[in-house]
Structure formats: C-alpha cells, structure tokens
$ cat my_file-v1.txt   # compact mmCIF, C-alpha atoms
# COMPACT_ATOMS: atom_id res chain seq x y z
CA MET A 1 -42.55 32.25 -37.09
CA MET A 2 -41.53 30.20 -34.05
CA LYS A 3 -40.54 26.60 -34.74
CA ARG A 4 -42.16 23.95 -32.62
CA PHE A 5 -39.81 21.97 -30.37
CA SER A 6 -40.74 18.37 -31.22
CA TRP A 7 -40.22 15.29 -29.10
CA ARG A 8 -37.76 14.10 -31.73
CA THR A 9 -35.64 17.22 -31.14
CA ALA A 10 -35.82 16.71 -27.40
CA LEU A 11 -34.81 13.08 -27.74
CA ALA A 12 -31.89 13.98 -29.97
CA ALA A 13 -30.71 16.61 -27.49
CA THR A 14 -30.97 14.17 -24.60
CA THR A 15 -29.12 11.48 -26.53
CA LEU A 16 -26.36 13.96 -27.36
CA ALA A 17 -26.03 15.00 -23.72
CA VAL A 18 -25.83 11.39 -22.56
CA SER A 19 -23.26 10.62 -25.23
CA LEU A 20 -21.13 13.60 -24.22
CA ASN A 21 -21.32 12.55 -20.57
CA ALA A 22 -20.32 9.02 -21.51
CA LEU A 23 -17.35 10.37 -23.43
CA ALA A 24 -16.36 12.44 -20.40
CA VAL A 25 -16.02 9.36 -18.20
CA GLU A 26 -12.40 8.26 -18.00
CA ASN A 27 -11.23 4.75 -17.18
CA VAL A 28 -8.64 4.07 -14.49
CA VAL A 29 -7.26 0.66 -13.58
CA LEU A 30 -5.78 0.35 -10.09
CA GLN A 31 -3.72 -2.73 -9.18
CA LEU A 32 -3.54 -3.53 -5.47
CA LYS A 33 -0.67 -5.26 -3.71
CA TRP A 34 -2.82 -7.90 -2.00
CA LEU A 35 -6.30 -9.35 -1.63
CA PRO A 36 -9.28 -7.21 -0.50
CA GLN A 37 -8.70 -6.15 3.10
CA ALA A 38 -8.77 -2.96 5.14
CA GLN A 39 -5.21 -2.18 4.06
CA PHE A 40 -6.92 -0.92 0.88
CA ALA A 41 -10.17 0.31 2.42
CA GLY A 42 -9.87 3.85 1.10
CA TYR A 43 -10.07 2.74 -2.53
CA TYR A 44 -13.07 0.51 -1.92
CA VAL A 45 -14.83 3.23 0.08
CA ALA A 46 -14.21 5.77 -2.70
CA GLN A 47 -15.77 3.36 -5.16
CA ALA A 48 -18.70 2.32 -2.96
CA LYS A 49 -19.65 5.88 -2.05
CA GLY A 50 -19.45 7.10 -5.63
CA TYR A 51 -16.49 9.43 -5.18
CA TYR A 52 -14.78 8.06 -8.30
CA LYS A 53 -18.02 8.28 -10.27
CA ASP A 54 -18.56 11.87 -9.12
CA ALA A 55 -15.07 12.69 -10.40
CA GLY A 56 -15.99 11.37 -13.84
CA LEU A 57 -13.98 8.19 -13.42
CA ASN A 58 -14.73 4.54 -14.02
CA VAL A 59 -12.23 2.86 -11.69
CA THR A 60 -11.47 -0.84 -11.85
CA ILE A 61 -9.84 -2.11 -8.66
CA LYS A 62 -7.85 -5.26 -9.30
CA PRO A 63 -6.94 -7.32 -6.21
CA GLY A 64 -3.47 -8.73 -5.80
CA GLY A 65 -2.33 -12.15 -4.63
CA THR A 66 0.65 -14.42 -4.14
CA ASP A 67 1.19 -14.76 -7.89
CA ILE A 68 0.50 -11.15 -8.85
CA SER A 69 3.25 -8.55 -9.06
CA PRO A 70 1.90 -4.99 -9.34
CA VAL A 71 5.15 -3.99 -11.04
CA GLN A 72 4.70 -6.62 -13.75
CA VAL A 73 1.06 -5.61 -14.20
CA ILE A 74 1.86 -1.96 -14.85
CA ALA A 75 4.93 -2.85 -16.91
CA GLY A 76 2.58 -4.85 -19.13
CA ASN A 77 0.26 -1.83 -19.46
CA SER A 78 -2.56 -3.63 -17.64
CA ALA A 79 -2.88 -0.91 -14.97
CA ASP A 80 -2.64 2.88 -14.86
CA VAL A 81 -1.57 3.05 -11.23
CA ILE A 82 -0.45 0.53 -8.62
CA VAL A 83 -0.16 0.25 -4.86
CA ASP A 84 3.38 -0.76 -3.97
CA TRP A 85 6.07 -0.41 -1.33
CA MET A 86 8.87 1.98 -2.17
CA PRO A 87 11.71 -0.59 -1.91
CA ASP A 88 10.05 -2.74 -4.54
CA ALA A 89 9.19 0.25 -6.71
CA LEU A 90 12.71 1.73 -6.66
CA ALA A 91 14.29 -1.68 -7.27
CA ALA A 92 11.97 -2.11 -10.25
CA ARG A 93 12.89 1.38 -11.46
CA GLU A 94 16.57 0.48 -11.40
CA SER A 95 15.72 -2.67 -13.37
CA GLY A 96 14.03 -0.69 -16.12
CA VAL A 97 10.42 -0.12 -15.09
CA PRO A 98 10.23 3.69 -14.73
CA LEU A 99 7.95 3.87 -11.70
CA VAL A 100 7.30 7.22 -10.04
CA ASN A 101 5.54 7.81 -6.73
CA ILE A 102 2.65 10.27 -7.13
CA ALA A 103 1.19 9.94 -3.61
CA GLN A 104 2.21 8.36 -0.31
CA ILE A 105 -0.89 7.14 1.52
CA PHE A 106 0.88 5.41 4.44
CA ASP A 107 3.47 7.74 5.98
CA ARG A 108 4.44 5.28 8.73
CA SER A 109 5.57 1.66 8.43
CA GLY A 110 3.51 -1.12 9.94
CA MET A 111 6.14 -3.82 9.45
CA MET A 112 7.56 -5.72 12.42
CA LEU A 113 9.56 -8.79 13.33
CA THR A 114 7.56 -10.71 15.92
CA CYS A 115 9.33 -13.29 18.10
CA ARG A 116 8.43 -15.88 20.70
CA LYS A 117 9.66 -14.60 24.06
CA SER A 118 10.38 -18.21 24.99
CA SER A 119 13.12 -18.20 22.33
CA GLY A 120 15.14 -15.99 24.65
CA ILE A 121 14.84 -12.95 22.41
CA THR A 122 14.44 -9.62 24.16
CA SER A 123 16.58 -7.36 21.96
CA PRO A 124 17.99 -7.39 18.41
CA THR A 125 21.31 -8.71 19.69
CA ASP A 126 19.50 -11.93 20.62
CA LEU A 127 18.58 -12.61 17.00
CA LYS A 128 22.00 -14.08 16.27
CA GLY A 129 21.79 -17.84 15.75
CA LYS A 130 18.01 -17.76 15.36
CA THR A 131 15.68 -18.78 12.54
CA LEU A 132 13.83 -15.78 11.18
CA GLY A 133 10.84 -15.87 8.87
CA VAL A 134 11.04 -13.36 6.02
CA TRP A 135 8.59 -12.39 3.32
CA PHE A 136 10.06 -12.17 -0.16
CA GLY A 137 8.58 -10.82 -3.39
CA GLY A 138 9.86 -7.31 -2.70
CA ASN A 139 9.05 -7.29 1.02
CA GLU A 140 12.42 -8.60 2.16
CA TYR A 141 14.48 -5.48 1.53
CA PRO A 142 14.01 -3.70 4.90
CA PHE A 143 14.82 -6.93 6.75
CA PHE A 144 18.12 -7.51 4.99
CA ASN A 145 19.09 -3.88 5.48
CA TRP A 146 18.41 -4.31 9.19
CA MET A 147 20.55 -7.45 9.36
CA HIS A 148 23.37 -5.64 7.58
CA LYS A 149 23.08 -2.82 10.10
CA LEU A 150 23.35 -5.37 12.92
CA GLY A 151 26.33 -7.04 11.24
CA TYR A 152 24.53 -10.37 10.77
CA LYS A 153 25.15 -12.39 7.63
CA PRO A 154 22.25 -14.57 6.45
CA GLY A 155 23.22 -18.21 6.38
CA VAL A 156 26.07 -17.53 8.80
CA ASP A 157 24.80 -15.57 11.79
CA ILE A 158 21.09 -16.13 11.20
CA LYS A 159 18.99 -18.64 9.33
CA VAL A 160 16.44 -17.12 6.95
CA LEU A 161 13.21 -19.03 6.44
CA LYS A 162 11.24 -18.00 3.37
CA GLN A 163 7.91 -17.23 4.94
CA GLY A 164 4.55 -17.53 3.24
CA PHE A 165 1.96 -14.87 3.90
CA ASN A 166 0.82 -16.57 7.09
CA VAL A 167 1.94 -17.02 10.70
CA ASP A 168 2.36 -20.81 10.67
CA PRO A 169 6.17 -20.83 11.15
CA LEU A 170 5.84 -19.19 14.57
CA LEU A 171 2.80 -21.17 15.64
CA GLN A 172 4.45 -24.44 14.62
CA LYS A 173 7.80 -23.37 16.10
CA GLN A 174 9.58 -23.63 12.75
CA ALA A 175 10.97 -20.14 13.31
CA ASP A 176 11.88 -18.07 16.34
CA CYS A 177 10.57 -14.89 14.71
CA ILE A 178 8.42 -14.04 11.71
CA SER A 179 7.53 -11.02 9.64
CA THR A 180 4.25 -9.36 10.62
CA MET A 181 2.29 -6.20 9.98
CA ASN A 182 0.89 -4.36 12.97
CA TYR A 183 -2.55 -4.39 11.35
CA ASN A 184 -2.67 -8.00 10.18
CA GLU A 185 -0.38 -10.92 11.00
CA TYR A 186 0.33 -9.86 14.59
CA TRP A 187 -3.39 -10.12 15.28
CA GLN A 188 -3.54 -13.49 13.55
CA LEU A 189 -1.16 -14.76 16.22
CA ILE A 190 -3.41 -13.35 18.94
CA ASP A 191 -6.48 -14.89 17.29
CA ALA A 192 -4.64 -18.23 17.18
CA GLY A 193 -4.37 -18.18 20.99
CA MET A 194 -1.02 -16.57 21.69
CA LYS A 195 -0.89 -13.92 24.43
CA PRO A 196 0.70 -10.49 23.93
CA ASN A 197 3.10 -11.19 26.82
CA GLU A 198 4.35 -14.28 24.95
CA LEU A 199 5.53 -12.14 22.05
CA VAL A 200 8.24 -9.56 21.47
CA ASN A 201 7.78 -7.07 18.63
CA PHE A 202 10.51 -5.15 16.83
CA PRO A 203 8.78 -2.47 14.72
CA TYR A 204 11.00 -1.43 11.83
CA GLU A 205 10.17 2.19 12.64
CA ASP A 206 11.92 1.74 16.01
CA GLN A 207 14.95 0.04 14.45
CA GLY A 208 15.67 2.87 12.05
CA VAL A 209 15.26 0.68 8.98
CA SER A 210 11.65 1.37 8.07
CA THR A 211 10.88 2.18 4.47
CA LEU A 212 7.79 3.70 2.93
CA GLU A 213 5.05 1.19 2.30
CA ASP A 214 1.70 1.66 0.54
CA GLY A 215 2.17 4.41 -2.03
CA LEU A 216 0.70 5.03 -5.48
CA TYR A 217 2.96 4.62 -8.52
CA VAL A 218 2.62 5.30 -12.22
CA LYS A 219 4.96 5.13 -15.18
CA GLY A 220 7.05 8.26 -15.31
CA SER A 221 6.56 8.64 -19.07
CA ASN A 222 2.82 9.11 -18.53
CA LEU A 223 3.44 12.19 -16.40
CA LYS A 224 4.49 14.04 -19.55
CA ASP A 225 0.87 13.82 -20.74
CA PRO A 226 -1.25 16.67 -19.26
CA ALA A 227 -4.43 14.64 -19.81
CA PHE A 228 -3.03 11.74 -17.79
CA VAL A 229 -1.94 14.08 -15.00
CA ALA A 230 -5.42 15.64 -14.90
CA LYS A 231 -7.06 12.21 -14.79
CA MET A 232 -4.81 10.98 -12.00
CA ALA A 233 -5.39 14.22 -10.07
CA LYS A 234 -9.11 13.44 -10.08
CA PHE A 235 -8.30 9.91 -9.01
CA LEU A 236 -6.18 11.13 -6.08
CA HIS A 237 -8.79 13.66 -4.96
CA ALA A 238 -11.51 10.99 -4.89
CA THR A 239 -9.16 8.47 -3.26
CA TYR A 240 -8.39 10.91 -0.45
CA GLN A 241 -12.12 11.26 0.16
CA GLY A 242 -12.31 7.48 0.48
CA TRP A 243 -9.42 7.27 2.92
CA ASN A 244 -10.70 10.15 5.03
CA GLU A 245 -14.05 8.41 5.36
CA ALA A 246 -12.41 5.06 6.13
CA VAL A 247 -10.35 6.55 8.95
CA LYS A 248 -13.35 8.38 10.43
CA HIS A 249 -15.74 5.44 10.10
CA PRO A 250 -13.76 2.19 10.45
CA ALA A 251 -16.82 -0.02 10.99
CA GLU A 252 -18.49 1.17 7.81
CA ALA A 253 -15.21 0.85 5.89
CA ALA A 254 -14.77 -2.68 7.20
CA GLN A 255 -18.21 -3.67 5.96
CA ILE A 256 -17.43 -2.29 2.50
CA VAL A 257 -14.22 -4.35 2.43
CA VAL A 258 -16.03 -7.50 3.55
CA ASP A 259 -18.53 -6.98 0.74
CA GLN A 260 -15.63 -7.00 -1.74
CA ASP A 261 -14.25 -10.33 -0.53
CA THR A 262 -15.67 -12.91 -2.92
CA SER A 263 -14.01 -15.74 -0.98
CA GLY A 264 -16.21 -15.08 2.04
CA SER A 265 -13.26 -15.41 4.42
CA ALA A 266 -13.17 -11.78 5.57
CA THR A 267 -15.06 -10.98 8.77
CA LEU A 268 -16.33 -7.65 10.00
CA ASP A 269 -14.57 -7.78 13.38
CA VAL A 270 -11.17 -8.60 11.87
CA GLN A 271 -11.45 -5.98 9.13
CA GLN A 272 -12.57 -3.29 11.55
CA ARG A 273 -9.62 -4.04 13.82
CA GLN A 274 -7.32 -3.93 10.81
CA MET A 275 -8.80 -0.61 9.70
CA GLU A 276 -8.27 0.90 13.15
CA ASN A 277 -4.60 -0.08 13.02
CA VAL A 278 -4.14 0.99 9.41
CA ALA A 279 -5.45 4.42 10.42
CA LYS A 280 -2.42 4.81 12.69
CA LEU A 281 -0.19 4.67 9.60
CA ILE A 282 -2.04 7.49 7.79
CA THR A 283 -1.19 10.36 10.08
CA HIS A 284 -2.30 13.00 7.57
CA ALA A 285 -5.81 11.63 7.06
CA ASN A 286 -8.47 14.34 7.13
CA THR A 287 -5.86 17.06 6.62
CA PRO A 288 -4.77 18.86 3.43
CA GLN A 289 -1.49 16.92 3.59
CA ILE A 290 -2.96 13.48 2.98
CA GLY A 291 -1.01 11.66 0.30
CA TYR A 292 1.89 14.11 0.32
CA LEU A 293 5.26 12.39 -0.03
CA ASP A 294 7.66 14.16 2.31
CA PRO A 295 10.95 14.49 0.40
CA ALA A 296 12.87 13.84 3.64
CA ALA A 297 11.01 10.53 4.13
CA TYR A 298 11.78 9.63 0.52
CA ARG A 299 15.46 10.36 1.06
CA ARG A 300 15.51 8.26 4.26
CA THR A 301 14.07 5.31 2.36
CA VAL A 302 16.62 5.72 -0.43
CA LYS A 303 19.42 5.85 2.15
CA VAL A 304 18.22 2.61 3.76
CA LEU A 305 18.01 0.89 0.38
CA LEU A 306 21.55 1.94 -0.53
CA SER A 307 23.00 0.74 2.76
CA GLY A 308 22.86 -3.00 2.20
CA GLY A 309 26.61 -3.60 2.10
CA ASP A 310 27.54 -6.04 -0.67
CA THR A 311 23.88 -6.59 -1.58
CA PRO A 312 22.10 -3.22 -1.49
CA VAL A 313 18.52 -3.08 -2.74
CA ILE A 314 19.51 -0.38 -5.24
CA LYS A 315 23.03 0.31 -6.44
CA LYS A 316 22.56 3.89 -7.63
CA ASP A 317 20.87 6.83 -5.97
CA PRO A 318 17.84 7.66 -8.14
CA GLY A 319 17.87 11.25 -6.94
CA ASN A 320 14.37 12.68 -7.04
CA SER A 321 13.44 10.85 -10.23
CA GLY A 322 11.46 8.24 -8.27
CA MET A 323 8.96 10.78 -6.94
CA SER A 324 6.83 13.61 -8.27
CA HIS A 325 4.39 16.07 -6.72
CA VAL A 326 2.88 17.12 -10.05
CA VAL A 327 -0.27 15.00 -9.61
CA TRP A 328 -0.54 15.74 -5.89
CA ASP A 329 -0.36 19.48 -6.59
CA ALA A 330 -3.04 19.21 -9.27
CA ALA A 331 -5.27 17.21 -6.95
CA ALA A 332 -4.83 19.79 -4.20
CA ASN A 333 -6.27 22.44 -6.52
CA ILE A 334 -9.50 20.52 -7.16
CA LYS A 335 -12.38 22.05 -5.23
$ encode --input "my_file-v1.txt" --output "structure tokens"
Amino acid sequence: MMKRFSWRTALAATTLAVSLNALAVENVVLQLKWLPQAQFAGYYVAQAKGYYKDAGLNVTIKPGGTDISPVQVIAGNSADVIVDWMPDALAARESGVPLVNIAQIFDRSGMMLTCRKSSGITSPTDLKGKTLGVWFGGNEYPFFNWMHKLGYKPGVDIKVLKQGFNVDPLLQKQADCISTMNYNEYWQLIDAGMKPNELVNFPYEDQGVSTLEDGLYVKGSNLKDPAFVAKMAKFLHATYQGWNEAVKHPAEAAQIVVDQDTSGSATLDVQQRQMENVAKLITHANTPQIGYLDPAAYRRTVKVLLSGGDTPVIKKDPGNSGMSHVVWDAAANIK
C-alpha cells in the first residue's frame, strides 16, 4: 500500500534542505588595507554581484583606516585573509606573524614620489637636501631602500617628513616631494588645481625599487588545513570574477564602491578614474593568470627588502616560505 506524502513530510524535507544549505555556507572575513575605494573594487563587486554567495561563502569585508593594521587584525584572529603590501607582510613574518601570500592581485606598483618642478627637481640626484614626504605604517620600506640605493642618509642628505595620507605637505609647500599612488594622491593634486607640467613623478617601478603591493595573505598554519584551503580557493575564484568585472566595467565598479562609502565622501567620477588607473596594475585581469604570484617578482621584492644597508626591512631571506600557490592552484581547478 502506497503511503501518502503529507504536507508535514514535505515541510520537514524542505526544512532539512534549507538547514543543510545553511550549514554549507562558510564565513570568510577579509580585512582591507584602507577605506572603501576603487583600490578594492574587485572585492566589493564580487560581493554586490553575488559571486561570493554563489560560491557558498558569506564574506564580511572590513574596511581599513589610519588606526587599523591588517597584520594586527589577522594576528588577533579577527580576519581569515588580509590585503597587504609585501614589504609589510614579510616584515611582520620576520617579527613572528606567519603571513603567507596566496594571491597577488596587483602585479605592478602604483607608488610614486611626486615633486614640485619649481623645487628644481628633475632627476633623483636633485633630491639631495630636499624635504620628502613619506608614508609610514609599513609603506615606507620601498622609499628607504631607494634612498639607500642613491646613497642618501635620512636626516643627513635628505629631510624626511612623516606624511599623513593626504597631499597637504606639497600643496602647502611643507615638502618638496610627497608619496603618491598613481591612482589616488597624484589625482588629488590635480583636483586641487596643480597642473601636470608643474609636477615631476618618479614611479618606483622606474627606479628599480618597486615592491609588490596589494596581495592576499593568510596565516601559514591555516594552509595545513585542507578545509581552509578549499574555502579560500572558492574565495579566490569569486574574487577573480569580481576583479575581472571591475576592470571591464569601471563605471559600474565605481558606483558599487561609492555605495559602500558610508561617509558619503566618495564620488563617482573620482572612483571611476581611480578604477581605470588601478586596472593598469592588474595586467593579468581577464586571463587565467590573474592572482598568480610570479616567483621571480617575489624574489625581486625580497632582494629589495634585504638591500637596506644598516637598516634593511628584513634581515633574513625568508626563502619561499612567504608565498604559496596551493590556494591559487585549487582555485584554478574550480569550474
């Protein structure tokens, strides 16, 4: 005799299915290096378009700020993965926080030293005797390596001004040069009324002292857990979808970023311009190589960080312990 399928049975089956799906959703906490802006558009796009959700992930994107250190956040187990620059990450690793790069989103550096042409600066040799604005908090390492390469001692040959994350020192003539990113602060100077022909830029890429910037880092101990590796592989795969979309559709990406800015200070025009310049730093976007950390680029960064004379960023060569392709490889196999 056939049993009747009651509504109670159907409800129980549906409840079980929903419960199983809920259990399948995995949480990921991502800590950014700075406030919401197009520098991080790919993550916001992946979230807004449901790529993380489709991967079975519930991703929390935590913005950074002047008083937030991604390294300290992950060291305190308040994030699964962070966006950081390799100099800061490797310095932290040497200090006891076992960070490992699992993906390198930006494969070119956007960092520059931007100077007033009226200061008489046309080449790096003209920097001697000048006041130079420098970002600290882990961003100063490439600058000091460059000065060592030039043979300039801070406090003797150059004056270092601890620069906030703004362009005021150059606008107010407190410094002859300041630190800028090609997608952000340089354009703030232009927006403030300065003309391109009034400025001289020294991209770190051109000076041979560039280091890898926005990469994704996790604790190395977590990579021993197959479940964690699988979860982060899904995170990378969805993140790449977000970055590919952001590069292809900068206006849409900019709007998504603006929507994330609770302060209301972000504007569509500025964020779209930033996204268009950020795209120049992700040369592998929309290719199978997106996020791949080139071992040669890793070694170049390590070499720069070791070459600081009496004050190198890192004292010991970490070998390949600061990078891993295990998550990238797993992500590449997701269809």
$ residues_around --input "my_file-v1.txt" --residues "A:Asn222" --least-positions-apart "2" --cutoff "12 Å" --atoms "all atoms listed in the file" --output "compact mmCIF listing (two decimals) with C-alpha atoms, keeping the file's coordinate frame"
# COMPACT_ATOMS: atom_id res chain seq x y z
CA ILE A 74 1.86 -1.96 -14.85
CA ASN A 77 0.26 -1.83 -19.46
CA ASP A 80 -2.64 2.88 -14.86
CA VAL A 81 -1.57 3.05 -11.23
CA PRO A 98 10.23 3.69 -14.73
CA LEU A 99 7.95 3.87 -11.70
CA VAL A 100 7.30 7.22 -10.04
CA ILE A 102 2.65 10.27 -7.13
CA TYR A 217 2.96 4.62 -8.52
CA VAL A 218 2.62 5.30 -12.22
CA LYS A 219 4.96 5.13 -15.18
CA GLY A 220 7.05 8.26 -15.31
CA LYS A 224 4.49 14.04 -19.55
CA ASP A 225 0.87 13.82 -20.74
CA PRO A 226 -1.25 16.67 -19.26
CA ALA A 227 -4.43 14.64 -19.81
CA PHE A 228 -3.03 11.74 -17.79
CA VAL A 229 -1.94 14.08 -15.00
CA ALA A 230 -5.42 15.64 -14.90
CA LYS A 231 -7.06 12.21 -14.79
CA MET A 232 -4.81 10.98 -12.00
CA SER A 324 6.83 13.61 -8.27
CA VAL A 326 2.88 17.12 -10.05
CA VAL A 327 -0.27 15.00 -9.61
$ atom_distance --input "my_file-v1.txt" --atom1 "atom CA of A:Leu212" --atom2 "atom CA of A:Ser123"
23.7 Å
$ closest_residue --input "my_file-v1.txt" --among "A:Asn27, A:Thr114, A:Thr125, A:Asn166" --to "A:Tyr204" --atoms "all atoms listed in the file"
A:Thr114
$ residues_around --input "my_file-v1.txt" --residues "A:Thr211" --least-positions-apart "4" --cutoff "9 Å" --atoms "all atoms listed in the file" --output "PyMOL selection string"
chain A and resi 85-87+108-109+141-142+204-205+297-298+300-302+304-305
$ closest_residue --input "my_file-v1.txt" --among "A:Phe106, A:Phe165, A:Tyr51, A:Trp243" --to "A:Tyr292" --atoms "only C-alpha atoms"
A:Phe106
$ residues_around --input "my_file-v1.txt" --residues "A:Ala55" --least-positions-apart "3" --cutoff "9 Å" --atoms "all atoms listed in the file" --output "ChimeraX atom specification"
/A:25,50-52,58,234-235,237-238
$ atom_distance --input "my_file-v1.txt" --atom1 "atom CA of A:Val200" --atom2 "atom CA of A:Leu170"
12.1 Å
$ closest_residue --input "my_file-v1.txt" --among "A:Cys177, A:Ser95, A:Tyr43, A:Asn333" --to "A:Pro318" --atoms "all atoms listed in the file"
A:Ser95
$ closest_residue --input "my_file-v1.txt" --among "A:Gln289, A:Asn182, A:Asn277, A:Ser221" --to "A:Met111" --atoms "all atoms listed in the file"
A:Asn182
$ closest_residue --input "my_file-v1.txt" --among "A:Ala175, A:Pro124, A:Thr267, A:Ile290" --to "A:Lys149" --atoms "all atoms listed in the file"
A:Pro124
$ closest_residue --input "my_file-v1.txt" --among "A:Pro154, A:Leu90, A:Leu132, A:Ala192" --to "A:Lys316" --atoms "only C-alpha atoms"
A:Leu90
$ residues_near_point --input "my_file-v1.txt" --point "(2.8, -8.3, 24.9)" --cutoff "12 Å" --atoms "all atoms listed in the file" --output "number ranges by chain"
A: 114-117, 122, 186-187, 189-190, 194-202
$ residues_around --input "my_file-v1.txt" --residues "A:Ser307" --least-positions-apart "2" --cutoff "10 Å" --atoms "only C-alpha atoms" --output "ChimeraX atom specification"
/A:144-146,148-149,209,302-305,309-315
$ residues_around --input "my_file-v1.txt" --residues "stretch 133-137 of chain A" --least-positions-apart "6" --cutoff "7 Å" --atoms "all atoms listed in the file" --output "PyMOL selection string"
chain A and resi 160-164+175+177-179
$ residues_near_point --input "my_file-v1.txt" --point "(-2.9, 20.8, 3.9)" --cutoff "12 Å" --atoms "only C-alpha atoms" --output "PyMOL selection string"
chain A and resi 284-292+328-329+331-333
$ write_last_selection --input "my_file-v1.txt" --atoms "C-alpha atoms" --output "tab-separated table (two decimals), keeping the file's coordinate frame"
chain	number	residue	atom	x	y	z
A	284	HIS	CA	-2.30	13.00	7.57
A	285	ALA	CA	-5.81	11.63	7.06
A	286	ASN	CA	-8.47	14.34	7.13
A	287	THR	CA	-5.86	17.06	6.62
A	288	PRO	CA	-4.77	18.86	3.43
A	289	GLN	CA	-1.49	16.92	3.59
A	290	ILE	CA	-2.96	13.48	2.98
A	291	GLY	CA	-1.01	11.66	0.30
A	292	TYR	CA	1.89	14.11	0.32
A	328	TRP	CA	-0.54	15.74	-5.89
A	329	ASP	CA	-0.36	19.48	-6.59
A	331	ALA	CA	-5.27	17.21	-6.95
A	332	ALA	CA	-4.83	19.79	-4.20
A	333	ASN	CA	-6.27	22.44	-6.52
